[in-house]
>>> print(open('final_9.pdb').read())   # PDB, C-alpha atoms and all ligand atoms
ATOM      1  CA  MET A 240       2.631 -14.470   9.219
ATOM      2  CA  PRO A 241       3.234 -17.036   6.492
ATOM      3  CA  ARG A 242       5.998 -16.100   4.123
ATOM      4  CA  ILE A 243       5.427 -15.446   0.457
ATOM      5  CA  ARG A 244       7.744 -17.218  -1.933
ATOM      6  CA  ILE A 245       9.656 -14.209  -3.222
ATOM      7  CA  PRO A 246      10.938 -15.650  -6.542
ATOM      8  CA  ALA A 247       7.360 -16.341  -7.614
ATOM      9  CA  ILE A 248       6.364 -12.746  -6.915
ATOM     10  CA  ARG A 249       9.315 -11.370  -8.839
ATOM     11  CA  ARG A 250       8.429 -13.372 -11.911
ATOM     12  CA  ILE A 251       4.830 -12.277 -11.820
ATOM     13  CA  GLY A 252       5.790  -8.689 -10.978
ATOM     14  CA  ILE A 253       7.372  -8.157 -14.404
ATOM     15  CA  GLU A 254       4.191  -8.803 -16.324
ATOM     16  CA  PRO A 255       3.667  -6.055 -18.905
ATOM     17  CA  LEU A 256       1.998  -3.005 -17.416
ATOM     18  CA  PRO A 257      -1.104  -1.585 -19.054
ATOM     19  CA  ASN A 258      -0.460   1.455 -21.210
ATOM     20  CA  HIS A 259      -1.721   3.980 -18.694
ATOM     21  CA  ALA A 260       0.500   2.591 -15.952
ATOM     22  CA  LEU A 261       3.452   2.474 -18.285
ATOM     23  CA  SER A 262       2.987   6.108 -19.252
ATOM     24  CA  THR A 263       2.831   6.995 -15.566
ATOM     25  CA  ALA A 264       6.027   5.109 -14.941
ATOM     26  CA  LEU A 265       7.722   6.903 -17.824
ATOM     27  CA  THR A 266       6.494  10.337 -16.855
ATOM     28  CA  PHE A 267       7.315  10.222 -13.181
ATOM     29  CA  PRO A 268      10.355   8.778 -11.482
ATOM     30  CA  HIS A 269       9.638   5.747  -9.373
ATOM     31  CA  PRO A 270       8.769   7.228  -6.000
ATOM     32  CA  THR A 271      11.126   6.681  -3.143
ATOM     33  CA  PRO A 272       9.128   5.627  -0.095
ATOM     34  CA  PRO A 273       9.401   8.168   2.702
ATOM     35  CA  ALA A 274      11.135   7.164   5.911
ATOM     36  CA  PRO A 275       9.177   5.580   8.766
ATOM     37  CA  GLY A 276       7.509   8.327  10.756
ATOM     38  CA  SER A 277       6.455  10.395   7.769
ATOM     39  CA  ALA A 278       2.926  10.919   6.523
ATOM     40  CA  ILE A 279       1.184  11.707   3.270
ATOM     41  CA  GLU A 280      -2.231  13.277   2.895
ATOM     42  CA  VAL A 281      -4.217  11.119   0.464
ATOM     43  CA  ALA A 282      -7.504  13.001   0.862
ATOM     44  CA  PRO A 283      -8.584  15.828   3.135
ATOM     45  CA  GLY A 284      -8.232  14.637   6.705
ATOM     46  CA  ILE A 285      -6.846  11.231   5.725
ATOM     47  CA  LEU A 286      -3.172  10.539   6.269
ATOM     48  CA  TRP A 287      -1.218   7.543   5.104
ATOM     49  CA  VAL A 288       1.593   6.913   7.513
ATOM     50  CA  ARG A 289       4.620   4.780   7.132
ATOM     51  CA  LEU A 290       5.437   2.728  10.182
ATOM     52  CA  ALA A 291       7.713  -0.050   9.028
ATOM     53  CA  LEU A 292      10.633  -0.669   6.788
ATOM     54  CA  PRO A 293       9.751  -2.978   3.932
ATOM     55  CA  PHE A 294      10.486  -6.528   4.956
ATOM     56  CA  ARG A 295      11.540  -8.196   1.741
ATOM     57  CA  LEU A 296       8.570  -7.244  -0.398
ATOM     58  CA  ASP A 297       6.189  -6.712   2.483
ATOM     59  CA  HIS A 298       4.893  -3.346   3.666
ATOM     60  CA  VAL A 299       2.727  -2.079   6.493
ATOM     61  CA  ASN A 300       0.398   0.797   5.656
ATOM     62  CA  VAL A 301      -1.513   2.539   8.404
ATOM     63  CA  TYR A 302      -4.154   5.180   7.787
ATOM     64  CA  LEU A 303      -5.139   7.964  10.136
ATOM     65  CA  ILE A 304      -8.479   9.685   9.907
ATOM     66  CA  GLU A 305      -8.908  13.136  11.406
ATOM     67  CA  ASP A 306     -12.012  13.364  13.523
ATOM     68  CA  GLY A 307     -13.420  16.002  15.790
ATOM     69  CA  ALA A 308     -11.286  15.097  18.767
ATOM     70  CA  GLY A 309      -8.039  13.872  17.232
ATOM     71  CA  TRP A 310      -6.994  11.011  14.981
ATOM     72  CA  ALA A 311      -8.527   7.597  14.470
ATOM     73  CA  VAL A 312      -6.020   4.974  13.398
ATOM     74  CA  LEU A 313      -6.872   1.914  11.303
ATOM     75  CA  ASP A 314      -4.806  -0.950  12.747
ATOM     76  CA  THR A 315      -1.620  -0.214  14.615
ATOM     77  CA  GLY A 316       1.204  -2.100  12.996
ATOM     78  CA  LEU A 317       3.689  -4.001  15.083
ATOM     79  CA  ASP A 318       5.369  -3.293  18.373
ATOM     80  CA  ASP A 319       8.994  -2.970  17.357
ATOM     81  CA  ALA A 320      11.696  -0.318  17.586
ATOM     82  CA  VAL A 321      11.103   1.075  14.088
ATOM     83  CA  THR A 322       7.358   1.355  14.635
ATOM     84  CA  ARG A 323       7.738   2.995  18.033
ATOM     85  CA  ALA A 324      10.212   5.545  16.697
ATOM     86  CA  ALA A 325       7.869   6.199  13.768
ATOM     87  CA  TRP A 326       4.923   6.850  16.088
ATOM     88  CA  ASP A 327       7.027   9.203  18.212
ATOM     89  CA  ALA A 328       8.021  11.156  15.109
ATOM     90  CA  LEU A 329       4.429  11.289  13.895
ATOM     91  CA  LEU A 330       2.959  12.414  17.190
ATOM     92  CA  ASP A 331       5.541  15.206  17.411
ATOM     93  CA  GLY A 332       5.229  16.218  13.783
ATOM     94  CA  ALA A 333       2.660  15.345  11.163
ATOM     95  CA  LEU A 334      -0.183  14.751  13.611
ATOM     96  CA  ARG A 335       0.061  18.376  14.581
ATOM     97  CA  GLY A 336       0.177  17.603  18.269
ATOM     98  CA  ARG A 337      -3.260  15.984  18.276
ATOM     99  CA  ALA A 338      -3.648  12.674  20.030
ATOM    100  CA  LEU A 339      -4.810   9.314  18.768
ATOM    101  CA  THR A 340      -8.344   9.043  20.048
ATOM    102  CA  ARG A 341      -9.541   5.818  18.439
ATOM    103  CA  ILE A 342      -8.059   2.553  17.214
ATOM    104  CA  LEU A 343     -10.205   0.759  14.626
ATOM    105  CA  VAL A 344      -9.175  -2.845  14.105
ATOM    106  CA  THR A 345      -9.784  -4.778  10.876
ATOM    107  CA  HIS A 346      -8.817  -8.212  12.201
ATOM    108  CA  PHE A 347      -6.712  -9.902  14.849
ATOM    109  CA  HIS A 348      -3.598 -10.981  12.938
ATOM    110  CA  PRO A 349      -0.549  -9.882  14.947
ATOM    111  CA  ASP A 350       0.777  -7.396  12.390
ATOM    112  CA  HIS A 351      -2.495  -5.449  12.745
ATOM    113  CA  ILE A 352      -2.924  -5.416  16.534
ATOM    114  CA  ASP A 353       0.501  -5.795  18.128
ATOM    115  CA  GLY A 354       1.038  -2.030  18.235
ATOM    116  CA  ILE A 355      -1.814  -1.707  20.743
ATOM    117  CA  LYS A 356       0.464  -2.896  23.548
ATOM    118  CA  THR A 357       4.122  -2.973  24.430
ATOM    119  CA  LYS A 358       5.761  -6.311  25.059
ATOM    120  CA  ASP A 359       5.523  -5.452  28.786
ATOM    121  CA  GLY A 360       1.733  -5.328  28.478
ATOM    122  CA  ASP A 361       1.232  -1.563  28.658
ATOM    123  CA  LYS A 362      -1.172   0.180  26.325
ATOM    124  CA  VAL A 363       0.764   2.318  23.835
ATOM    125  CA  PHE A 364      -2.058   4.827  23.276
ATOM    126  CA  ARG A 365      -3.468   5.107  26.760
ATOM    127  CA  ASN A 366      -6.523   7.191  26.056
ATOM    128  CA  ALA A 367      -7.543   5.774  22.689
ATOM    129  CA  GLU A 368     -10.858   3.936  22.447
ATOM    130  CA  ILE A 369     -10.414   0.496  20.854
ATOM    131  CA  LEU A 370     -13.083  -0.710  18.410
ATOM    132  CA  VAL A 371     -13.044  -4.256  17.004
ATOM    133  CA  PRO A 372     -15.380  -6.309  14.794
ATOM    134  CA  GLU A 373     -17.688  -8.457  16.915
ATOM    135  CA  PRO A 374     -17.314 -11.650  14.777
ATOM    136  CA  GLU A 375     -13.535 -11.349  14.949
ATOM    137  CA  TRP A 376     -13.670 -11.081  18.723
ATOM    138  CA  THR A 377     -16.100 -13.985  18.986
ATOM    139  CA  PHE A 378     -13.869 -16.264  16.932
ATOM    140  CA  TRP A 379     -10.459 -15.499  18.433
ATOM    141  CA  MET A 380     -11.531 -15.169  22.062
ATOM    142  CA  ASP A 381     -13.414 -18.477  22.064
ATOM    143  CA  ASP A 382     -11.628 -21.130  24.112
ATOM    144  CA  GLY A 383     -13.125 -23.984  22.105
ATOM    145  CA  ASN A 384     -11.786 -22.519  18.845
ATOM    146  CA  GLN A 385      -8.374 -22.087  20.433
ATOM    147  CA  SER A 386      -8.326 -25.681  21.668
ATOM    148  CA  ARG A 387      -8.737 -26.898  18.073
ATOM    149  CA  ALA A 388      -5.968 -24.651  16.673
ATOM    150  CA  SER A 389      -2.353 -25.523  16.016
ATOM    151  CA  GLY A 390       0.799 -24.018  14.556
ATOM    152  CA  SER A 391       0.823 -20.343  13.647
ATOM    153  CA  VAL A 392      -2.958 -20.054  14.082
ATOM    154  CA  LEU A 393      -2.622 -21.157  17.703
ATOM    155  CA  GLY A 394      -0.055 -18.385  18.074
ATOM    156  CA  TYR A 395      -2.623 -15.888  16.779
ATOM    157  CA  PHE A 396      -5.140 -17.062  19.418
ATOM    158  CA  ARG A 397      -2.578 -16.609  22.191
ATOM    159  CA  ASN A 398      -1.551 -13.241  20.851
ATOM    160  CA  ALA A 399      -5.156 -11.990  20.719
ATOM    161  CA  ARG A 400      -5.493 -12.871  24.412
ATOM    162  CA  ARG A 401      -2.193 -11.155  25.227
ATOM    163  CA  ILE A 402      -3.417  -7.956  23.565
ATOM    164  CA  PHE A 403      -7.072  -7.930  24.633
ATOM    165  CA  GLY A 404      -7.422 -10.328  27.565
ATOM    166  CA  ASP A 405      -6.951  -7.895  30.446
ATOM    167  CA  ILE A 406      -8.613  -4.915  28.731
ATOM    168  CA  ALA A 407     -11.678  -6.782  27.459
ATOM    169  CA  ASN A 408     -14.093  -4.480  29.240
ATOM    170  CA  GLU A 409     -12.510  -1.461  27.534
ATOM    171  CA  VAL A 410     -12.856  -2.874  24.014
ATOM    172  CA  HIS A 411     -15.891  -1.703  22.071
ATOM    173  CA  ARG A 412     -17.212  -4.392  19.723
ATOM    174  CA  PHE A 413     -19.180  -3.363  16.643
ATOM    175  CA  THR A 414     -21.199  -5.357  14.123
ATOM    176  CA  PRO A 415     -19.793  -4.807  10.600
ATOM    177  CA  GLY A 416     -22.189  -3.227   8.129
ATOM    178  CA  ALA A 417     -22.947   0.115   9.755
ATOM    179  CA  GLU A 418     -21.355   3.444  10.581
ATOM    180  CA  VAL A 419     -18.815   2.959  13.363
ATOM    181  CA  VAL A 420     -17.907   6.577  13.944
ATOM    182  CA  PRO A 421     -19.148   9.590  11.986
ATOM    183  CA  GLY A 422     -17.951   9.254   8.379
ATOM    184  CA  ILE A 423     -16.503   5.750   8.776
ATOM    185  CA  VAL A 424     -18.648   2.761   7.733
ATOM    186  CA  SER A 425     -17.571  -0.804   8.482
ATOM    187  CA  LEU A 426     -18.052  -3.467   5.788
ATOM    188  CA  PRO A 427     -18.083  -7.228   6.351
ATOM    189  CA  ALA A 428     -15.085  -8.621   4.434
ATOM    190  CA  TYR A 429     -14.948 -12.127   5.832
ATOM    191  CA  GLY A 430     -12.710 -14.905   4.587
ATOM    192  CA  HIS A 431      -9.171 -13.739   5.292
ATOM    193  CA  THR A 432     -10.229 -14.259   8.904
ATOM    194  CA  PRO A 433     -13.747 -15.042  10.172
ATOM    195  CA  GLY A 434     -14.463 -11.424  11.129
ATOM    196  CA  HIS A 435     -12.147  -9.536   8.783
ATOM    197  CA  THR A 436     -13.647  -6.084   8.232
ATOM    198  CA  ALA A 437     -13.095  -3.324   5.694
ATOM    199  CA  PHE A 438     -14.001   0.345   6.032
ATOM    200  CA  SER A 439     -15.417   2.992   3.747
ATOM    201  CA  ILE A 440     -14.449   6.529   4.675
ATOM    202  CA  GLN A 441     -15.990   9.675   3.307
ATOM    203  CA  SER A 442     -13.661  12.609   2.827
ATOM    204  CA  GLY A 443     -15.185  15.579   1.029
ATOM    205  CA  LYS A 444     -16.297  14.333  -2.388
ATOM    206  CA  GLN A 445     -14.010  11.325  -2.243
ATOM    207  CA  SER A 446     -14.383   8.039  -0.501
ATOM    208  CA  LEU A 447     -11.605   5.714   0.503
ATOM    209  CA  LEU A 448     -12.083   1.968   0.649
ATOM    210  CA  VAL A 449      -9.811   0.486   3.292
ATOM    211  CA  MET A 450      -9.517  -3.109   2.109
ATOM    212  CA  SER A 451      -6.960  -4.195   4.697
ATOM    213  CA  ASP A 452      -5.983  -7.802   3.847
ATOM    214  CA  THR A 453      -8.790  -8.424   1.351
ATOM    215  CA  VAL A 454      -6.204  -7.949  -1.399
ATOM    216  CA  ARG A 455      -2.784  -8.804  -0.131
ATOM    217  CA  ASN A 456      -0.759  -7.743  -3.148
ATOM    218  CA  PRO A 457      -2.057  -5.960  -6.270
ATOM    219  CA  GLU A 458       0.169  -7.781  -8.769
ATOM    220  CA  LEU A 459      -1.098 -11.149  -7.609
ATOM    221  CA  PHE A 460      -4.544 -10.890  -6.092
ATOM    222  CA  ALA A 461      -6.052  -7.873  -7.867
ATOM    223  CA  ARG A 462      -4.957  -9.220 -11.238
ATOM    224  CA  HIS A 463      -6.098 -12.696 -10.220
ATOM    225  CA  PRO A 464      -8.864 -12.305  -7.629
ATOM    226  CA  ASP A 465      -9.622 -16.028  -7.679
ATOM    227  CA  TRP A 466      -6.151 -16.982  -6.541
ATOM    228  CA  GLN A 467      -6.151 -17.982  -2.904
ATOM    229  CA  PRO A 468      -3.214 -16.971  -0.736
ATOM    230  CA  ILE A 469      -2.449 -19.528   1.960
ATOM    231  CA  PHE A 470      -3.018 -16.939   4.684
ATOM    232  CA  ASP A 471      -6.745 -16.604   3.840
ATOM    233  CA  MET A 472      -8.398 -18.829   6.436
ATOM    234  CA  ASP A 473     -11.488 -19.482   4.270
ATOM    235  CA  GLY A 474     -10.129 -19.250   0.739
ATOM    236  CA  ALA A 475     -13.437 -19.567  -1.127
ATOM    237  CA  LEU A 476     -15.172 -16.955   1.024
ATOM    238  CA  ALA A 477     -12.156 -14.636   0.702
ATOM    239  CA  VAL A 478     -12.404 -14.860  -3.101
ATOM    240  CA  LYS A 479     -16.066 -13.776  -2.971
ATOM    241  CA  THR A 480     -15.174 -10.899  -0.669
ATOM    242  CA  ARG A 481     -12.202  -9.868  -2.809
ATOM    243  CA  ARG A 482     -14.315  -9.804  -5.961
ATOM    244  CA  ARG A 483     -17.050  -7.795  -4.218
ATOM    245  CA  MET A 484     -14.575  -5.220  -2.870
ATOM    246  CA  LEU A 485     -12.691  -4.822  -6.146
ATOM    247  CA  ASP A 486     -15.915  -4.574  -8.110
ATOM    248  CA  ARG A 487     -17.247  -1.854  -5.841
ATOM    249  CA  ALA A 488     -13.943   0.036  -5.893
ATOM    250  CA  ALA A 489     -13.883   0.033  -9.696
ATOM    251  CA  ALA A 490     -17.596   0.771 -10.185
ATOM    252  CA  ASP A 491     -17.715   3.599  -7.639
ATOM    253  CA  ARG A 492     -14.227   4.895  -8.541
ATOM    254  CA  MET A 493     -13.211   4.839  -4.917
ATOM    255  CA  LEU A 494      -9.731   5.422  -3.697
ATOM    256  CA  VAL A 495      -8.471   2.147  -2.301
ATOM    257  CA  GLU A 496      -5.744   1.152   0.089
ATOM    258  CA  ALA A 497      -4.628  -2.177   1.406
ATOM    259  CA  TYR A 498      -2.463  -2.891   4.386
ATOM    260  CA  HIS A 499       0.369  -4.582   2.531
ATOM    261  CA  PHE A 500       0.363  -2.790  -0.830
ATOM    262  CA  PRO A 501       3.709  -1.358  -1.922
ATOM    263  CA  PHE A 502       4.239   2.391  -1.797
ATOM    264  CA  PRO A 503       2.305   4.599  -2.499
ATOM    265  CA  ALA A 504      -0.256   2.001  -1.383
ATOM    266  CA  CYS A 505      -3.206   4.053  -2.511
ATOM    267  CA  GLY A 506      -4.936   4.409  -5.856
ATOM    268  CA  HIS A 507      -7.841   3.371  -8.012
ATOM    269  CA  MET A 508      -8.852  -0.012  -9.338
ATOM    270  CA  ILE A 509      -9.692  -0.485 -12.995
ATOM    271  CA  ARG A 510     -10.996  -3.622 -14.623
ATOM    272  CA  ARG A 511      -8.485  -5.428 -16.778
ATOM    273  CA  GLY A 512      -9.218  -8.795 -18.333
ATOM    274  CA  ALA A 513     -10.630 -11.110 -15.698
ATOM    275  CA  GLY A 514      -9.092  -9.060 -12.900
ATOM    276  CA  TYR A 515      -8.206  -5.552 -11.808
ATOM    277  CA  GLU A 516      -5.238  -3.242 -11.986
ATOM    278  CA  LEU A 517      -4.142  -0.754  -9.346
ATOM    279  CA  VAL A 518      -3.458   2.728 -10.723
ATOM    280  CA  PRO A 519      -1.365   4.313  -7.982
ATOM    281  CA  SER A 520      -2.324   7.758  -6.744
ATOM    282  CA  MET A 521      -0.350  10.890  -7.079
ATOM    283  CA  TRP A 522       0.870  11.935  -3.674
ATOM    284  CA  ARG A 523       2.627  14.739  -1.909
ATOM    285  CA  PRO A 524       4.560  14.719   1.331
ATOM    286  CA  LEU A 525       3.242  16.793   4.206
TER
HETATM  287 ZN    ZN B   1      -4.118 -10.585   8.055
END
>>> encode(input="final_9.pdb", output="C-alpha cells", more="lines below")
Ligand SMILES: [Zn+2]
Amino acid sequence: MPRIRIPAIRRIGIEPLPNHALSTALTFPHPTPPAPGSAIEVAPGILWVRLALPFRLDHVNVYLIEDGAGWAVLDTGLDDAVTRAAWDALLDGALRGRALTRILVTHFHPDHIDGIKTKDGDKVFRNAEILVPEPEWTFWMDDGNQSRASGSVLGYFRNARRIFGDIANEVHRFTPGAEVVPGIVSLPAYGHTPGHTAFSIQSGKQSLLVMSDTVRNPELFARHPDWQPIFDMDGALAVKTRRRMLDRAAADRMLVEAYHFPFPACGHMIRRGAGYELVPSMWRPL
C-alpha cells in the first residue's frame, strides 16, 4: 500500500479537539490498545478484533459478526506471523470455539484479502464461504485491465489472482445494494477501488456502518472529506462516496468503523464545520 507521509499526519493530528472529545480525553485515560488476538464487543454479536500491531500510524481492524452457524468476518487482514498468532488466540478464546463460517470482502487490496490464504496457497479458513463484490471481481480479474496496469496496481492484480485464481468456483459474488446474509446489507462505496463495498449491520437496536477504506483516517478524511488520498483509485468518486457515508452515519447516528482507524476504531460521526468528527466509543474487553 502507498505510504502516508507521517510528519504531515502528526501536524494535522494536533488540531484542537472539539469540547466533547476533549472532555472525554480528560475524563478517561487514553486507552491502551489490546494485544493482537484480543477482541472487544462493540454491539451484541459484533466483535472488533485486533489482528496486527500498528505499523507506524497504521492499524488493521477486523470485525466479526455472530451468525446462526458461527462467525462472519469482514476482511481478513494480512498473512503474517502476528496475524496468524492472533487468529489462533481468537479461535481458542474469544470466539468461544465457534468457527469462521463466512468471509465478507470489501475490496481486493492485499491488506484486506491476504489472510484468506497462506503464502503456500492453502486456504486459512477451510470451511468458510467467501463472498466478494461482483464489480470488484470483474475489475481485478479482467486480463485487459491487468495488461494496462503498472507499479503497485499491477501487484494488486497479480495478488488478486494468487488469492482467488484457483478457488474461483468457490467464491460467491454478490451485487452491492442488497442483503448479503441475514442482518448484513452491502452498500456500493465505489471510488477507493472500482467495486469497494461497505456494509450495514443490524445488531439489536443499533446498526454498525462498516466503512472499510471509505474514510482512511478520521483526522484527515472525516474532517476534510473532499481531500483525496493517493490510494483512492477514482478520487472524485471516492469523495462523493465518503460524503454520502459520513452523512448517513451522522444523520442516522450509526456506529461506524473503518479498517484503518486508530484504536478503539469505532464510534459515532458528528458534523463539525465542513466535515465530521469521530467520537470514539466506550468499550470493554471480553
Ligand atoms: Zn484499500
>>> resolve_selection(input="final_9.pdb", expression="the PyMOL selection byres (((chain A and resi 475) around 12) and not hetatm)", output="list in words")
Tyr429, Gly430, His431, Thr432, Pro464, Asp465, Trp466, Gln467, Pro468, Ile469, Asp471, Met472, Asp473, Gly474, Leu476, Ala477, Val478, Lys479, Thr480, Arg481 and Arg482 of chain A
>>> residues_near_ligand(input="final_9.pdb", ligand="ligand ZN 1 (chain B)", cutoff="12 Å", atoms="all atoms listed in the file", output="JSON, numbers by chain")
{"A": [240, 241, 299, 314, 316, 344, 345, 346, 347, 348, 349, 350, 351, 352, 375, 392, 395, 428, 429, 430, 431, 432, 433, 434, 435, 436, 437, 450, 451, 452, 453, 454, 455, 468, 469, 470, 471, 472, 477, 497, 498, 499]}
>>> residues_around(input="final_9.pdb", residues="Met493 (chain A)", least_positions_apart="5", cutoff="12 Å", atoms="all atoms listed in the file", output="ChimeraX atom specification")
/A:282,438-442,444-450,484-488,505-509,517-518,520
>>> atom_distance(input="final_9.pdb", atom1="CA of Asn384 (chain A)", atom2="CA of Gly404 (chain A)")
15.6 Å
>>> closest_residue(input="final_9.pdb", among="A:Ala320, A:Ile285, A:Arg365, A:Gly422", to="Leu494 (chain A)", atoms="all atoms listed in the file")
A:Ile285
>>> closest_residue(input="final_9.pdb", among="A:Gly383, A:Pro372, A:Gly307, A:Gly360", to="Arg412 (chain A)", atoms="all atoms listed in the file")
A:Pro372
>>> residues_around(input="final_9.pdb", residues="Arg462 (chain A)", least_positions_apart="4", cutoff="7 Å", atoms="all atoms listed in the file", output="count of residues only")
5
>>> resolve_selection(input="final_9.pdb", expression="the PyMOL selection byres (((chain A and resi 369) around 7) and not hetatm)", output="list in words")
Arg341, Ile342, Leu343, Ala367, Glu368, Leu370, Val371, Val410 and His411 of chain A
>>> atom_distance(input="final_9.pdb", atom1="CA of Thr322 (chain A)", atom2="CA of His298 (chain A)")
12.2 Å
>>> closest_residue(input="final_9.pdb", among="A:Ala308, A:Ala338, A:Leu393, A:Leu303", to="Asn366 (chain A)", atoms="only C-alpha atoms")
A:Ala338
>>> atom_distance(input="final_9.pdb", atom1="CA of Gly416 (chain A)", atom2="CA of Lys356 (chain A)")
27.4 Å
>>> resolve_selection(input="final_9.pdb", expression="the PyMOL selection byres (((chain A and resi 337) around 12) and not hetatm)", output="MDAnalysis selection string")
chainID A and resid 303:311 329:336 338:341 367
>>> closest_residue(input="final_9.pdb", among="A:Ala407, A:Val424, A:Ala328, A:Val363", to="Thr377 (chain A)", atoms="all atoms listed in the file")
A:Ala407
>>> residues_near_point(input="final_9.pdb", point="(-5.8, -17.1, 21.4)", cutoff="8 Å", atoms="all atoms listed in the file", output="list of chain:residue names")
A:Trp379, A:Met380, A:Asp381, A:Asp382, A:Gln385, A:Leu393, A:Gly394, A:Tyr395, A:Phe396, A:Arg397, A:Asn398, A:Ala399, A:Arg400, A:Arg401
>>> write_last_selection(input="final_9.pdb", atoms="C-alpha atoms", output="PDB file, in the frame of the given file")
ATOM      1  CA  TRP A 379     -10.459 -15.499  18.433  1.00  0.00           C
ATOM      2  CA  MET A 380     -11.531 -15.169  22.062  1.00  0.00           C
ATOM      3  CA  ASP A 381     -13.414 -18.477  22.064  1.00  0.00           C
ATOM      4  CA  ASP A 382     -11.628 -21.130  24.112  1.00  0.00           C
ATOM      5  CA  GLN A 385      -8.374 -22.087  20.433  1.00  0.00           C
ATOM      6  CA  LEU A 393      -2.622 -21.157  17.703  1.00  0.00           C
ATOM      7  CA  GLY A 394      -0.055 -18.385  18.074  1.00  0.00           C
ATOM      8  CA  TYR A 395      -2.623 -15.888  16.779  1.00  0.00           C
ATOM      9  CA  PHE A 396      -5.140 -17.062  19.418  1.00  0.00           C
ATOM     10  CA  ARG A 397      -2.578 -16.609  22.191  1.00  0.00           C
ATOM     11  CA  ASN A 398      -1.551 -13.241  20.851  1.00  0.00           C
ATOM     12  CA  ALA A 399      -5.156 -11.990  20.719  1.00  0.00           C
ATOM     13  CA  ARG A 400      -5.493 -12.871  24.412  1.00  0.00           C
ATOM     14  CA  ARG A 401      -2.193 -11.155  25.227  1.00  0.00           C
TER      15      ARG A 401
END
>>> build_atoms(input="final_9.pdb", residues="region 395-413 of chain A", atoms="N, CA and C atoms", output="PDB file, in the coordinates of the input")
ATOM      1  N   TYR A 395      -1.754 -17.060  16.936  1.00  0.00           N
ATOM      2  CA  TYR A 395      -2.623 -15.888  16.779  1.00  0.00           C
ATOM      3  C   TYR A 395      -3.661 -15.840  17.906  1.00  0.00           C
ATOM      4  N   PHE A 396      -4.189 -17.028  18.292  1.00  0.00           N
ATOM      5  CA  PHE A 396      -5.140 -17.062  19.418  1.00  0.00           C
ATOM      6  C   PHE A 396      -4.468 -16.532  20.682  1.00  0.00           C
ATOM      7  N   ARG A 397      -3.280 -17.033  20.961  1.00  0.00           N
ATOM      8  CA  ARG A 397      -2.578 -16.609  22.191  1.00  0.00           C
ATOM      9  C   ARG A 397      -2.275 -15.121  22.154  1.00  0.00           C
ATOM     10  N   ASN A 398      -1.889 -14.655  20.979  1.00  0.00           N
ATOM     11  CA  ASN A 398      -1.551 -13.241  20.851  1.00  0.00           C
ATOM     12  C   ASN A 398      -2.781 -12.356  21.067  1.00  0.00           C
ATOM     13  N   ALA A 399      -3.927 -12.782  20.528  1.00  0.00           N
ATOM     14  CA  ALA A 399      -5.156 -11.990  20.719  1.00  0.00           C
ATOM     15  C   ALA A 399      -5.472 -11.868  22.210  1.00  0.00           C
ATOM     16  N   ARG A 400      -5.261 -12.925  22.964  1.00  0.00           N
ATOM     17  CA  ARG A 400      -5.493 -12.871  24.412  1.00  0.00           C
ATOM     18  C   ARG A 400      -4.473 -11.978  25.111  1.00  0.00           C
ATOM     19  N   ARG A 401      -3.226 -12.016  24.641  1.00  0.00           N
ATOM     20  CA  ARG A 401      -2.193 -11.155  25.227  1.00  0.00           C
ATOM     21  C   ARG A 401      -2.571  -9.676  25.046  1.00  0.00           C
ATOM     22  N   ILE A 402      -3.093  -9.355  23.849  1.00  0.00           N
ATOM     23  CA  ILE A 402      -3.417  -7.956  23.565  1.00  0.00           C
ATOM     24  C   ILE A 402      -4.705  -7.534  24.284  1.00  0.00           C
ATOM     25  N   PHE A 403      -5.740  -8.377  24.204  1.00  0.00           N
ATOM     26  CA  PHE A 403      -7.072  -7.930  24.633  1.00  0.00           C
ATOM     27  C   PHE A 403      -7.539  -8.509  25.972  1.00  0.00           C
ATOM     28  N   GLY A 404      -6.881  -9.593  26.435  1.00  0.00           N
ATOM     29  CA  GLY A 404      -7.422 -10.328  27.565  1.00  0.00           C
ATOM     30  C   GLY A 404      -7.720  -9.474  28.785  1.00  0.00           C
ATOM     31  N   ASP A 405      -6.756  -8.643  29.201  1.00  0.00           N
ATOM     32  CA  ASP A 405      -6.951  -7.895  30.446  1.00  0.00           C
ATOM     33  C   ASP A 405      -7.586  -6.523  30.225  1.00  0.00           C
ATOM     34  N   ILE A 406      -7.922  -6.190  28.974  1.00  0.00           N
ATOM     35  CA  ILE A 406      -8.613  -4.915  28.731  1.00  0.00           C
ATOM     36  C   ILE A 406      -9.964  -5.163  28.040  1.00  0.00           C
ATOM     37  N   ALA A 407     -10.467  -6.402  28.188  1.00  0.00           N
ATOM     38  CA  ALA A 407     -11.678  -6.782  27.459  1.00  0.00           C
ATOM     39  C   ALA A 407     -12.831  -5.819  27.711  1.00  0.00           C
ATOM     40  N   ASN A 408     -12.947  -5.348  28.948  1.00  0.00           N
ATOM     41  CA  ASN A 408     -14.093  -4.480  29.240  1.00  0.00           C
ATOM     42  C   ASN A 408     -13.913  -3.072  28.687  1.00  0.00           C
ATOM     43  N   GLU A 409     -12.731  -2.778  28.152  1.00  0.00           N
ATOM     44  CA  GLU A 409     -12.510  -1.461  27.534  1.00  0.00           C
ATOM     45  C   GLU A 409     -12.681  -1.511  26.017  1.00  0.00           C
ATOM     46  N   VAL A 410     -12.810  -2.727  25.472  1.00  0.00           N
ATOM     47  CA  VAL A 410     -12.856  -2.874  24.014  1.00  0.00           C
ATOM     48  C   VAL A 410     -14.296  -2.794  23.546  1.00  0.00           C
ATOM     49  N   HIS A 411     -14.543  -1.859  22.618  1.00  0.00           N
ATOM     50  CA  HIS A 411     -15.891  -1.703  22.071  1.00  0.00           C
ATOM     51  C   HIS A 411     -16.019  -2.603  20.841  1.00  0.00           C
ATOM     52  N   ARG A 412     -17.016  -3.473  20.855  1.00  0.00           N
ATOM     53  CA  ARG A 412     -17.212  -4.392  19.723  1.00  0.00           C
ATOM     54  C   ARG A 412     -18.368  -3.894  18.858  1.00  0.00           C
ATOM     55  N   PHE A 413     -18.139  -3.846  17.550  1.00  0.00           N
ATOM     56  CA  PHE A 413     -19.180  -3.363  16.643  1.00  0.00           C
ATOM     57  C   PHE A 413     -19.531  -4.458  15.639  1.00  0.00           C
TER      58      PHE A 413
END
